[in-house]
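This is start-v4.cif. It holds mmCIF, C-alpha atoms.
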```
data_coords
loop_
_atom_site.label_atom_id
_atom_site.label_comp_id
_atom_site.auth_asym_id
_atom_site.auth_seq_id
_atom_site.Cartn_x
_atom_site.Cartn_y
_atom_site.Cartn_z
CA MET A 1 -31.12 23.30 -4.62
CA GLU A 2 -28.80 25.20 -6.91
CA ILE A 3 -25.13 24.49 -7.52
CA SER A 4 -22.97 27.41 -8.62
CA TYR A 5 -19.62 27.25 -10.36
CA THR A 6 -17.21 29.95 -11.49
CA PRO A 7 -15.50 29.20 -14.82
CA ILE A 8 -11.74 28.63 -14.64
CA GLY A 9 -11.10 29.68 -18.25
CA ARG A 10 -12.37 29.88 -21.82
CA VAL A 11 -12.12 27.90 -25.03
CA ARG A 12 -10.56 29.47 -28.13
CA SER A 13 -12.02 27.75 -31.16
CA PRO A 14 -12.54 28.42 -34.87
CA TYR A 15 -16.28 27.73 -34.34
CA ASP A 16 -18.34 30.85 -33.60
CA THR A 17 -21.75 29.24 -33.08
CA PRO A 18 -23.01 25.71 -32.31
CA GLU A 19 -24.26 25.50 -35.92
CA ASP A 20 -20.67 25.92 -37.15
CA VAL A 21 -19.52 22.71 -35.42
CA ILE A 22 -19.27 20.13 -38.21
CA HIS A 23 -19.40 16.67 -36.67
CA ASP A 24 -17.04 15.05 -39.20
CA GLU A 25 -14.37 17.73 -38.86
CA VAL A 26 -14.16 17.86 -35.07
CA SER A 27 -11.29 15.36 -34.75
CA GLU A 28 -9.02 17.70 -36.76
CA THR A 29 -10.20 20.95 -35.20
CA GLY A 30 -7.47 22.81 -33.36
CA GLY A 31 -7.93 25.40 -30.67
CA GLU A 32 -6.90 26.42 -27.19
CA VAL A 33 -7.99 25.79 -23.65
CA VAL A 34 -7.01 28.96 -21.81
CA LEU A 35 -7.20 28.93 -18.02
CA GLU A 36 -6.97 32.00 -15.80
CA GLU A 37 -3.39 32.81 -14.76
CA GLU A 38 -4.09 31.95 -11.11
CA TYR A 39 -4.44 28.25 -12.03
CA GLU A 40 -0.99 27.79 -13.59
CA ALA A 41 0.32 25.57 -10.74
CA GLY A 42 -2.66 23.29 -11.27
CA LEU A 43 -1.39 22.35 -14.74
CA GLU A 44 1.99 21.06 -13.58
CA GLY A 45 2.55 17.57 -15.01
CA ILE A 46 -0.34 17.64 -17.46
CA ASP A 47 2.15 17.71 -20.33
CA GLY A 48 2.80 13.98 -19.81
CA PHE A 49 -0.73 13.12 -20.92
CA SER A 50 -1.52 12.79 -24.63
CA HIS A 51 -5.20 13.58 -24.08
CA ILE A 52 -7.21 15.66 -21.62
CA VAL A 53 -10.88 15.93 -20.79
CA VAL A 54 -12.38 19.41 -20.92
CA PHE A 55 -15.56 20.07 -18.95
CA ALA A 56 -17.39 23.09 -20.28
CA HIS A 57 -20.66 24.91 -19.86
CA LEU A 58 -22.62 25.10 -23.11
CA ASP A 59 -23.72 28.69 -22.67
CA GLU A 60 -25.14 29.01 -26.19
CA ILE A 61 -27.53 26.08 -25.76
CA ASN A 62 -30.92 27.24 -24.53
CA GLU A 63 -33.13 24.32 -25.38
CA SER A 64 -33.32 21.18 -23.26
CA GLN A 65 -34.90 17.99 -24.56
CA LEU A 66 -35.37 14.54 -23.05
CA THR A 67 -34.80 12.70 -26.34
CA ALA A 68 -32.27 13.15 -29.11
CA ARG A 69 -31.64 11.99 -32.69
CA PRO A 70 -27.95 11.05 -32.90
CA PRO A 71 -26.13 12.09 -36.09
CA HIS A 72 -25.23 9.32 -38.55
CA VAL A 73 -28.01 6.98 -37.41
CA ASP A 74 -31.23 7.05 -39.44
CA ASP A 75 -34.59 7.13 -37.73
CA LEU A 76 -33.28 6.67 -34.21
CA GLU A 77 -34.60 8.62 -31.26
CA VAL A 78 -33.22 7.78 -27.82
CA GLY A 79 -33.18 9.28 -24.36
CA VAL A 80 -30.83 12.24 -24.08
CA PHE A 81 -28.81 10.57 -21.28
CA ALA A 82 -27.96 7.80 -23.76
CA THR A 83 -26.36 10.43 -26.02
CA ARG A 84 -23.88 13.30 -25.89
CA SER A 85 -26.43 15.75 -27.31
CA PRO A 86 -25.86 19.30 -26.03
CA HIS A 87 -29.63 19.82 -25.62
CA ARG A 88 -29.80 18.22 -22.16
CA PRO A 89 -31.15 19.21 -18.73
CA THR A 90 -27.67 20.19 -17.51
CA PRO A 91 -25.77 21.76 -20.45
CA LEU A 92 -22.45 20.29 -19.39
CA ALA A 93 -20.00 19.19 -22.10
CA GLN A 94 -17.29 16.58 -21.72
CA THR A 95 -14.83 16.74 -24.60
CA VAL A 96 -11.74 14.56 -24.96
CA VAL A 97 -9.04 16.42 -26.87
CA GLU A 98 -5.46 15.69 -27.85
CA LEU A 99 -3.00 17.85 -25.91
CA LEU A 100 -0.41 19.23 -28.32
CA GLU A 101 1.45 21.80 -26.24
CA ARG A 102 1.27 23.82 -23.05
CA ASP A 103 2.42 27.42 -22.72
CA GLY A 104 1.70 28.68 -19.20
CA THR A 105 -2.05 28.37 -18.76
CA THR A 106 -2.71 27.96 -22.48
CA LEU A 107 -3.18 24.41 -23.74
CA ARG A 108 -3.06 23.92 -27.50
CA VAL A 109 -5.40 21.05 -28.35
CA ARG A 110 -6.91 19.12 -31.27
CA GLY A 111 -10.38 17.57 -31.43
CA LEU A 112 -12.50 20.48 -30.22
CA ASP A 113 -16.28 20.45 -30.63
CA LEU A 114 -16.81 23.60 -28.54
CA VAL A 115 -17.43 27.13 -29.75
CA ASP A 116 -15.20 30.13 -29.17
CA GLY A 117 -15.57 31.63 -25.70
CA THR A 118 -17.20 28.58 -24.08
CA PRO A 119 -16.63 28.77 -20.29
CA ILE A 120 -14.44 25.96 -18.94
CA LEU A 121 -15.38 24.39 -15.59
CA ASP A 122 -12.67 21.77 -15.19
CA VAL A 123 -9.82 19.92 -16.89
CA LYS A 124 -8.82 16.35 -16.04
CA PRO A 125 -6.28 13.94 -17.55
CA TYR A 126 -7.71 11.36 -19.94
CA VAL A 127 -7.01 7.87 -18.65
CA PRO A 128 -8.72 4.84 -20.25
CA LEU A 129 -10.01 3.08 -17.14
CA VAL A 130 -12.20 0.43 -18.71
CA ASP A 131 -10.86 -2.47 -20.80
CA GLU A 132 -12.30 -1.94 -24.28
CA GLU A 133 -13.21 -5.62 -24.54
CA ASP A 134 -15.65 -5.15 -21.67
CA VAL A 135 -17.48 -2.23 -23.24
CA SER A 136 -20.74 -2.35 -25.20
CA VAL A 137 -22.05 0.87 -26.67
CA GLY A 138 -25.74 0.43 -27.53
CA TRP A 139 -26.97 2.37 -30.57
CA PHE A 140 -23.48 3.79 -31.03
CA GLU A 141 -22.47 0.47 -32.67
CA ASP A 142 -24.75 1.31 -35.62
CA ARG A 143 -23.61 4.82 -36.29
CA MET B 1 -19.78 35.07 -13.93
CA GLU B 2 -21.60 32.30 -12.12
CA ILE B 3 -23.03 29.16 -13.68
CA SER B 4 -25.94 27.53 -11.87
CA TYR B 5 -27.14 23.96 -12.22
CA THR B 6 -30.03 22.09 -10.63
CA PRO B 7 -29.21 18.45 -9.77
CA ILE B 8 -31.15 15.83 -11.74
CA GLY B 9 -30.85 13.15 -9.05
CA ARG B 10 -28.82 11.64 -6.24
CA VAL B 11 -26.33 8.84 -5.69
CA ARG B 12 -27.14 5.96 -3.32
CA SER B 13 -23.88 4.55 -2.06
CA PRO B 14 -22.55 2.52 0.88
CA TYR B 15 -20.06 5.34 1.54
CA ASP B 16 -21.28 7.95 4.02
CA THR B 17 -18.33 10.34 3.94
CA PRO B 18 -15.40 10.99 1.56
CA GLU B 19 -13.09 9.34 4.12
CA ASP B 20 -15.06 6.09 3.75
CA VAL B 21 -14.19 5.78 0.05
CA ILE B 22 -11.45 3.15 -0.13
CA HIS B 23 -9.57 3.55 -3.40
CA ASP B 24 -8.86 -0.17 -3.86
CA GLU B 25 -12.45 -1.22 -3.27
CA VAL B 26 -14.16 1.24 -5.59
CA SER B 27 -14.27 -1.07 -8.61
CA GLU B 28 -16.49 -3.51 -6.68
CA THR B 29 -18.65 -0.93 -4.95
CA GLY B 30 -22.31 -1.18 -5.87
CA GLY B 31 -24.90 1.54 -5.57
CA GLU B 32 -27.59 3.41 -7.43
CA VAL B 33 -27.88 6.46 -9.61
CA VAL B 34 -31.40 7.71 -8.95
CA LEU B 35 -32.76 10.43 -11.23
CA GLU B 36 -35.91 12.46 -10.59
CA GLU B 37 -39.04 10.85 -12.09
CA GLU B 38 -39.43 13.65 -14.63
CA TYR B 39 -36.28 12.46 -16.45
CA GLU B 40 -37.41 8.89 -17.17
CA ALA B 41 -37.79 9.47 -20.95
CA GLY B 42 -34.19 10.68 -21.00
CA LEU B 43 -32.94 7.22 -20.03
CA GLU B 44 -34.53 5.38 -22.96
CA GLY B 45 -31.86 3.28 -24.68
CA ILE B 46 -29.22 3.63 -21.99
CA ASP B 47 -29.64 -0.07 -21.17
CA GLY B 48 -27.61 -0.97 -24.29
CA PHE B 49 -24.49 0.56 -22.79
CA SER B 50 -22.31 -1.49 -20.45
CA HIS B 51 -20.87 1.60 -18.78
CA ILE B 52 -22.08 5.13 -18.10
CA VAL B 53 -20.41 8.32 -16.98
CA VAL B 54 -21.88 10.01 -13.92
CA PHE B 55 -21.21 13.73 -13.44
CA ALA B 56 -21.68 14.73 -9.85
CA HIS B 57 -21.16 17.70 -7.57
CA LEU B 58 -18.83 16.87 -4.67
CA ASP B 59 -20.85 18.71 -2.05
CA GLU B 60 -18.83 17.35 0.87
CA ILE B 61 -15.53 18.68 -0.46
CA ASN B 62 -14.79 22.14 0.93
CA GLU B 63 -11.09 22.49 0.33
CA SER B 64 -9.64 23.40 -3.06
CA GLN B 65 -5.95 22.91 -3.82
CA LEU B 66 -3.84 23.55 -6.92
CA THR B 67 -1.63 20.51 -6.38
CA ALA B 68 -2.35 16.93 -5.37
CA ARG B 69 -0.54 13.80 -4.21
CA PRO B 70 -2.01 10.88 -6.16
CA PRO B 71 -2.57 7.64 -4.22
CA HIS B 72 -0.20 4.74 -4.96
CA VAL B 73 2.64 6.97 -6.14
CA ASP B 74 5.30 7.83 -3.60
CA ASP B 75 6.58 11.36 -3.26
CA LEU B 76 4.75 12.75 -6.24
CA GLU B 77 3.04 16.11 -6.23
CA VAL B 78 1.45 17.33 -9.45
CA GLY B 79 -0.99 19.98 -10.57
CA VAL B 80 -4.58 19.18 -9.64
CA PHE B 81 -5.71 19.34 -13.30
CA ALA B 82 -3.31 16.45 -14.00
CA THR B 83 -5.22 14.35 -11.43
CA ARG B 84 -8.75 13.32 -10.54
CA SER B 85 -8.38 14.66 -6.98
CA PRO B 86 -11.70 15.89 -5.57
CA HIS B 87 -9.98 18.92 -3.99
CA ARG B 88 -10.11 21.06 -7.14
CA PRO B 89 -11.33 24.56 -8.02
CA THR B 90 -14.59 23.18 -9.47
CA PRO B 91 -15.65 20.17 -7.34
CA LEU B 92 -17.04 18.27 -10.31
CA ALA B 93 -16.67 14.48 -10.36
CA GLN B 94 -16.64 12.30 -13.44
CA THR B 95 -17.10 8.64 -12.53
CA VAL B 96 -17.29 5.77 -15.02
CA VAL B 97 -19.47 2.99 -13.62
CA GLU B 98 -20.70 -0.34 -14.92
CA LEU B 99 -24.45 -0.25 -15.61
CA LEU B 100 -26.03 -3.42 -14.19
CA GLU B 101 -29.74 -2.76 -14.44
CA ARG B 102 -32.29 -0.01 -14.95
CA ASP B 103 -35.62 0.20 -13.15
CA GLY B 104 -37.44 3.38 -14.19
CA THR B 105 -35.16 6.23 -13.19
CA THR B 106 -33.02 4.04 -10.91
CA LEU B 107 -29.76 2.74 -12.38
CA ARG B 108 -28.02 -0.03 -10.46
CA VAL B 109 -24.28 0.42 -10.97
CA ARG B 110 -20.89 -0.93 -9.92
CA GLY B 111 -17.66 1.04 -9.53
CA LEU B 112 -18.88 3.96 -7.44
CA ASP B 113 -16.44 6.32 -5.73
CA LEU B 114 -19.14 8.78 -4.64
CA VAL B 115 -20.75 9.16 -1.23
CA ASP B 116 -24.41 8.64 -0.40
CA GLY B 117 -26.59 11.60 -1.37
CA THR B 118 -24.13 13.17 -3.82
CA PRO B 119 -26.08 15.42 -6.24
CA ILE B 120 -25.96 14.22 -9.86
CA LEU B 121 -25.62 16.82 -12.61
CA ASP B 122 -25.60 14.66 -15.72
CA VAL B 123 -25.34 11.11 -17.05
CA LYS B 124 -23.79 10.23 -20.42
CA PRO B 125 -23.05 6.91 -22.13
CA TYR B 126 -19.45 5.70 -21.87
CA VAL B 127 -17.94 5.35 -25.33
CA PRO B 128 -14.17 4.80 -25.73
CA LEU B 129 -13.39 7.44 -28.33
CA VAL B 130 -9.61 7.32 -28.33
CA ASP B 131 -7.58 4.34 -29.54
CA GLU B 132 -5.72 3.07 -26.46
CA GLU B 133 -2.50 2.73 -28.47
CA ASP B 134 -2.49 6.49 -28.98
CA VAL B 135 -2.83 7.35 -25.29
CA SER B 136 -0.03 8.25 -22.89
CA VAL B 137 -0.89 8.85 -19.28
CA GLY B 138 1.95 10.74 -17.60
CA TRP B 139 2.53 9.94 -13.92
CA PHE B 140 -0.38 7.49 -14.02
CA GLU B 141 1.98 4.94 -15.69
CA ASP B 142 3.91 4.72 -12.41
CA ARG B 143 1.00 4.23 -10.07
#
```

As structure tokens - that is how I would like this structure written.
Amino acid sequence: MEISYTPIGRVRSPYDTPEDVIHDEVSETGGEVVLEEEYEAGLEGIDGFSHIVVFAHLDEINESQLTARPPHVDDLEVGVFATRSPHRPTPLAQTVVELLERDGTTLRVRGLDLVDGTPILDVKPYVPLVDEEDVSVGWFEDR
Amino acid sequence: MEISYTPIGRVRSPYDTPEDVIHDEVSETGGEVVLEEEYEAGLEGIDGFSHIVVFAHLDEINESQLTARPPHVDDLEVGVFATRSPHRPTPLAQTVVELLERDGTTLRVRGLDLVDGTPILDVKPYVPLVDEEDVSVGWFEDR
């Protein structure tokens, strides 16, 4: 069974390749989420949200692995589904970015870890649905 | 341009159709996220996380709309990208569920809003990355 999606837009980012994405600089990285013109009505009301979630297809990632070594944690290897590593069976990225401004179908954002031209599959509002006190985050505590 | 994914597993849920999903009961709805056996190594270490994010293809949703009327808010119509409505250009669901137990490639979870048999595209750990004080949530404040 195959599932097919058509991208709804593209990312504009200062990063040209996955190797250019510097983990510690991502939170300050500005860029744009540019949807096709036909989707403009779908963005009505998004301006009220401080953050959005961008779902993107990592088209420059060719290698899939079942384990990953998270950055900032020495000597740790865990299953890829316990990480956000891009080298995963389905190369689907979920990136939470700060929404700075909307101009038509162009969203100016901050916090991008995606490379220029990455196809966008979906955009959703970021809403914290889980009380932080109830969350435990495994190896991520030690990073 | 078409992007093709192969599902990595299926949801087991008490809901048979999208109409069965009762918004107010979702937080208590138990079920299973069952990955194919070949992905077992990819789940190593996921047990340390209290919550996971399930990415699924809404294969029973046929209708795409650019606007949506969120539940629990009277007389509001907003762009679909400012909502989590399933009737969107790319029928991709992102569901945060509580992880109760793992048995091989079967994850017992709570908080499911997906129907039985829904194809799973990806699983990631849930990590709150944005300080809640910095988040504003548009129309969702009024729900």

Legend entry - Reference answer for the PyMOL selection byres ((chain B and resi 47-62) around 8), as a PyMOL selection string: (chain A and resi 3+134-139) or (chain B and resi 17-18+44-46+63-64+86-87+91-102+118-126)

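Taking atom CA of A:Glu77 and atom CA of B:Tyr39 as endpoints, the distance between them is 15.4 Å.
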
Inset, instruction - Report the residues retrieved by the PyMOL selection byres ((chain B and resi 104) around 9) from the displayed file, expressed as a list of chain:residue names. - result: B:Leu35, B:Glu37, B:Glu40, B:Leu43, B:Arg102, B:Asp103, B:Thr105, B:Thr106, B:Leu107

Go ahead and write the residues just picked, C-alpha atoms, as a PDB file, in the frame of the given file.
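Here's the written file again.pdb:
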```
ATOM      1  CA  LEU B  35     -32.760  10.430 -11.230  1.00  0.00           C
ATOM      2  CA  GLU B  37     -39.040  10.850 -12.090  1.00  0.00           C
ATOM      3  CA  GLU B  40     -37.410   8.890 -17.170  1.00  0.00           C
ATOM      4  CA  LEU B  43     -32.940   7.220 -20.030  1.00  0.00           C
ATOM      5  CA  ARG B 102     -32.290  -0.010 -14.950  1.00  0.00           C
ATOM      6  CA  ASP B 103     -35.620   0.200 -13.150  1.00  0.00           C
ATOM      7  CA  THR B 105     -35.160   6.230 -13.190  1.00  0.00           C
ATOM      8  CA  THR B 106     -33.020   4.040 -10.910  1.00  0.00           C
ATOM      9  CA  LEU B 107     -29.760   2.740 -12.380  1.00  0.00           C
TER      10      LEU B 107
END
```

Inset, instruction - Enter the distance from atom CA of B:Thr83 to atom CA of B:Gln65, in Å, rounded to one decimal. - result: 11.5 Å

Legend entry - Target residues per the PyMOL selection byres ((chain A and resi 128) around 9), formatted as a count of residues only: 11

Legend entry - Residues within 9 Å of A:Glu28, only C-alpha atoms, excluding chain neighbours under 4 positions, as an MDAnalysis selection string: chainID A and resid 24 110:112

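The gap separating atom CA of A:Val109 from atom CA of A:Val21 is 15.9 Å, in Å to one decimal.
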
Legend entry - Which residue of B:Leu76, B:Val34, B:Met1, B:Val115 approaches chain A most closely, using all atoms listed in the file: B:Met1

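Of the residues under consideration (B:Val11, B:Glu141, B:Glu19, B:Gly79), B:Gly79 shows the shortest atom-to-atom contact distance to A:Ala41 when counting all atoms listed in the file.
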
Restore N, CA, C and O atoms in stretch 13-39 of chain B and list the result as a PDB file, in the frame of the given file.
```pdb
ATOM      1  N   SER B  13     -25.179   5.204  -2.175  1.00  0.00           N
ATOM      2  CA  SER B  13     -23.880   4.550  -2.060  1.00  0.00           C
ATOM      3  C   SER B  13     -23.676   4.032  -0.644  1.00  0.00           C
ATOM      4  O   SER B  13     -24.248   4.587   0.306  1.00  0.00           O
ATOM      5  N   PRO B  14     -22.870   2.980  -0.474  1.00  0.00           N
ATOM      6  CA  PRO B  14     -22.550   2.520   0.880  1.00  0.00           C
ATOM      7  C   PRO B  14     -21.598   3.462   1.617  1.00  0.00           C
ATOM      8  O   PRO B  14     -21.398   3.316   2.827  1.00  0.00           O
ATOM      9  N   TYR B  15     -21.000   4.423   0.903  1.00  0.00           N
ATOM     10  CA  TYR B  15     -20.060   5.340   1.540  1.00  0.00           C
ATOM     11  C   TYR B  15     -20.813   6.548   2.106  1.00  0.00           C
ATOM     12  O   TYR B  15     -21.543   7.218   1.392  1.00  0.00           O
ATOM     13  N   ASP B  16     -20.601   6.814   3.392  1.00  0.00           N
ATOM     14  CA  ASP B  16     -21.280   7.950   4.020  1.00  0.00           C
ATOM     15  C   ASP B  16     -20.489   9.253   3.950  1.00  0.00           C
ATOM     16  O   ASP B  16     -21.061  10.338   3.911  1.00  0.00           O
ATOM     17  N   THR B  17     -19.175   9.143   3.990  1.00  0.00           N
ATOM     18  CA  THR B  17     -18.330  10.340   3.940  1.00  0.00           C
ATOM     19  C   THR B  17     -17.179  10.094   2.961  1.00  0.00           C
ATOM     20  O   THR B  17     -16.857   8.939   2.657  1.00  0.00           O
ATOM     21  N   PRO B  18     -16.537  11.168   2.467  1.00  0.00           N
ATOM     22  CA  PRO B  18     -15.400  10.990   1.560  1.00  0.00           C
ATOM     23  C   PRO B  18     -14.307  10.105   2.155  1.00  0.00           C
ATOM     24  O   PRO B  18     -13.641   9.357   1.426  1.00  0.00           O
ATOM     25  N   GLU B  19     -14.131  10.140   3.469  1.00  0.00           N
ATOM     26  CA  GLU B  19     -13.090   9.340   4.120  1.00  0.00           C
ATOM     27  C   GLU B  19     -13.402   7.841   4.040  1.00  0.00           C
ATOM     28  O   GLU B  19     -12.516   6.991   4.181  1.00  0.00           O
ATOM     29  N   ASP B  20     -14.674   7.495   3.842  1.00  0.00           N
ATOM     30  CA  ASP B  20     -15.060   6.090   3.750  1.00  0.00           C
ATOM     31  C   ASP B  20     -14.707   5.454   2.402  1.00  0.00           C
ATOM     32  O   ASP B  20     -14.734   4.235   2.249  1.00  0.00           O
ATOM     33  N   VAL B  21     -14.439   6.299   1.405  1.00  0.00           N
ATOM     34  CA  VAL B  21     -14.190   5.780   0.050  1.00  0.00           C
ATOM     35  C   VAL B  21     -12.793   5.168  -0.003  1.00  0.00           C
ATOM     36  O   VAL B  21     -11.789   5.879   0.096  1.00  0.00           O
ATOM     37  N   ILE B  22     -12.734   3.849  -0.114  1.00  0.00           N
ATOM     38  CA  ILE B  22     -11.450   3.150  -0.130  1.00  0.00           C
ATOM     39  C   ILE B  22     -11.071   2.869  -1.585  1.00  0.00           C
ATOM     40  O   ILE B  22     -11.739   2.108  -2.286  1.00  0.00           O
ATOM     41  N   HIS B  23      -9.994   3.549  -1.999  1.00  0.00           N
ATOM     42  CA  HIS B  23      -9.570   3.550  -3.400  1.00  0.00           C
ATOM     43  C   HIS B  23      -9.560   2.146  -4.023  1.00  0.00           C
ATOM     44  O   HIS B  23     -10.040   1.948  -5.137  1.00  0.00           O
ATOM     45  N   ASP B  24      -9.026   1.167  -3.291  1.00  0.00           N
ATOM     46  CA  ASP B  24      -8.860  -0.170  -3.860  1.00  0.00           C
ATOM     47  C   ASP B  24     -10.156  -0.969  -3.922  1.00  0.00           C
ATOM     48  O   ASP B  24     -10.195  -2.040  -4.519  1.00  0.00           O
ATOM     49  N   GLU B  25     -11.200  -0.467  -3.284  1.00  0.00           N
ATOM     50  CA  GLU B  25     -12.450  -1.220  -3.270  1.00  0.00           C
ATOM     51  C   GLU B  25     -13.497  -0.636  -4.233  1.00  0.00           C
ATOM     52  O   GLU B  25     -14.547  -1.243  -4.448  1.00  0.00           O
ATOM     53  N   VAL B  26     -13.183   0.522  -4.771  1.00  0.00           N
ATOM     54  CA  VAL B  26     -14.160   1.240  -5.590  1.00  0.00           C
ATOM     55  C   VAL B  26     -14.698   0.394  -6.748  1.00  0.00           C
ATOM     56  O   VAL B  26     -15.901   0.401  -7.024  1.00  0.00           O
ATOM     57  N   SER B  27     -13.818  -0.350  -7.409  1.00  0.00           N
ATOM     58  CA  SER B  27     -14.270  -1.070  -8.610  1.00  0.00           C
ATOM     59  C   SER B  27     -15.359  -2.092  -8.308  1.00  0.00           C
ATOM     60  O   SER B  27     -16.129  -2.464  -9.177  1.00  0.00           O
ATOM     61  N   GLU B  28     -15.448  -2.545  -7.057  1.00  0.00           N
ATOM     62  CA  GLU B  28     -16.490  -3.510  -6.680  1.00  0.00           C
ATOM     63  C   GLU B  28     -17.650  -2.878  -5.925  1.00  0.00           C
ATOM     64  O   GLU B  28     -18.574  -3.590  -5.514  1.00  0.00           O
ATOM     65  N   THR B  29     -17.615  -1.578  -5.759  1.00  0.00           N
ATOM     66  CA  THR B  29     -18.650  -0.930  -4.950  1.00  0.00           C
ATOM     67  C   THR B  29     -19.944  -0.703  -5.741  1.00  0.00           C
ATOM     68  O   THR B  29     -19.962  -0.023  -6.760  1.00  0.00           O
ATOM     69  N   GLY B  30     -21.006  -1.318  -5.229  1.00  0.00           N
ATOM     70  CA  GLY B  30     -22.310  -1.180  -5.870  1.00  0.00           C
ATOM     71  C   GLY B  30     -23.100  -0.031  -5.274  1.00  0.00           C
ATOM     72  O   GLY B  30     -22.860   0.385  -4.147  1.00  0.00           O
ATOM     73  N   GLY B  31     -24.044   0.466  -6.050  1.00  0.00           N
ATOM     74  CA  GLY B  31     -24.900   1.540  -5.570  1.00  0.00           C
ATOM     75  C   GLY B  31     -25.922   1.872  -6.635  1.00  0.00           C
ATOM     76  O   GLY B  31     -26.112   1.113  -7.590  1.00  0.00           O
ATOM     77  N   GLU B  32     -26.558   3.007  -6.469  1.00  0.00           N
ATOM     78  CA  GLU B  32     -27.590   3.410  -7.430  1.00  0.00           C
ATOM     79  C   GLU B  32     -27.434   4.864  -7.832  1.00  0.00           C
ATOM     80  O   GLU B  32     -27.047   5.709  -7.029  1.00  0.00           O
ATOM     81  N   VAL B  33     -27.758   5.106  -9.080  1.00  0.00           N
ATOM     82  CA  VAL B  33     -27.880   6.460  -9.610  1.00  0.00           C
ATOM     83  C   VAL B  33     -29.369   6.669  -9.786  1.00  0.00           C
ATOM     84  O   VAL B  33     -30.002   6.006 -10.595  1.00  0.00           O
ATOM     85  N   VAL B  34     -29.941   7.540  -8.956  1.00  0.00           N
ATOM     86  CA  VAL B  34     -31.400   7.710  -8.950  1.00  0.00           C
ATOM     87  C   VAL B  34     -31.747   9.104  -9.476  1.00  0.00           C
ATOM     88  O   VAL B  34     -31.474  10.112  -8.828  1.00  0.00           O
ATOM     89  N   LEU B  35     -32.341   9.141 -10.672  1.00  0.00           N
ATOM     90  CA  LEU B  35     -32.760  10.430 -11.230  1.00  0.00           C
ATOM     91  C   LEU B  35     -34.185  10.758 -10.798  1.00  0.00           C
ATOM     92  O   LEU B  35     -34.956   9.873 -10.424  1.00  0.00           O
ATOM     93  N   GLU B  36     -34.522  12.041 -10.857  1.00  0.00           N
ATOM     94  CA  GLU B  36     -35.910  12.460 -10.590  1.00  0.00           C
ATOM     95  C   GLU B  36     -36.827  11.813 -11.629  1.00  0.00           C
ATOM     96  O   GLU B  36     -36.439  11.641 -12.787  1.00  0.00           O
ATOM     97  N   GLU B  37     -38.058  11.531 -11.216  1.00  0.00           N
ATOM     98  CA  GLU B  37     -39.040  10.850 -12.090  1.00  0.00           C
ATOM     99  C   GLU B  37     -39.223  11.563 -13.438  1.00  0.00           C
ATOM    100  O   GLU B  37     -39.415  10.923 -14.471  1.00  0.00           O
ATOM    101  N   GLU B  38     -39.161  12.887 -13.402  1.00  0.00           N
ATOM    102  CA  GLU B  38     -39.430  13.650 -14.630  1.00  0.00           C
ATOM    103  C   GLU B  38     -38.448  13.352 -15.767  1.00  0.00           C
ATOM    104  O   GLU B  38     -38.703  13.688 -16.924  1.00  0.00           O
ATOM    105  N   TYR B  39     -37.307  12.702 -15.432  1.00  0.00           N
ATOM    106  CA  TYR B  39     -36.280  12.460 -16.450  1.00  0.00           C
ATOM    107  C   TYR B  39     -36.327  11.054 -17.052  1.00  0.00           C
ATOM    108  O   TYR B  39     -35.424  10.663 -17.782  1.00  0.00           O
TER     109      TYR B  39
END
```
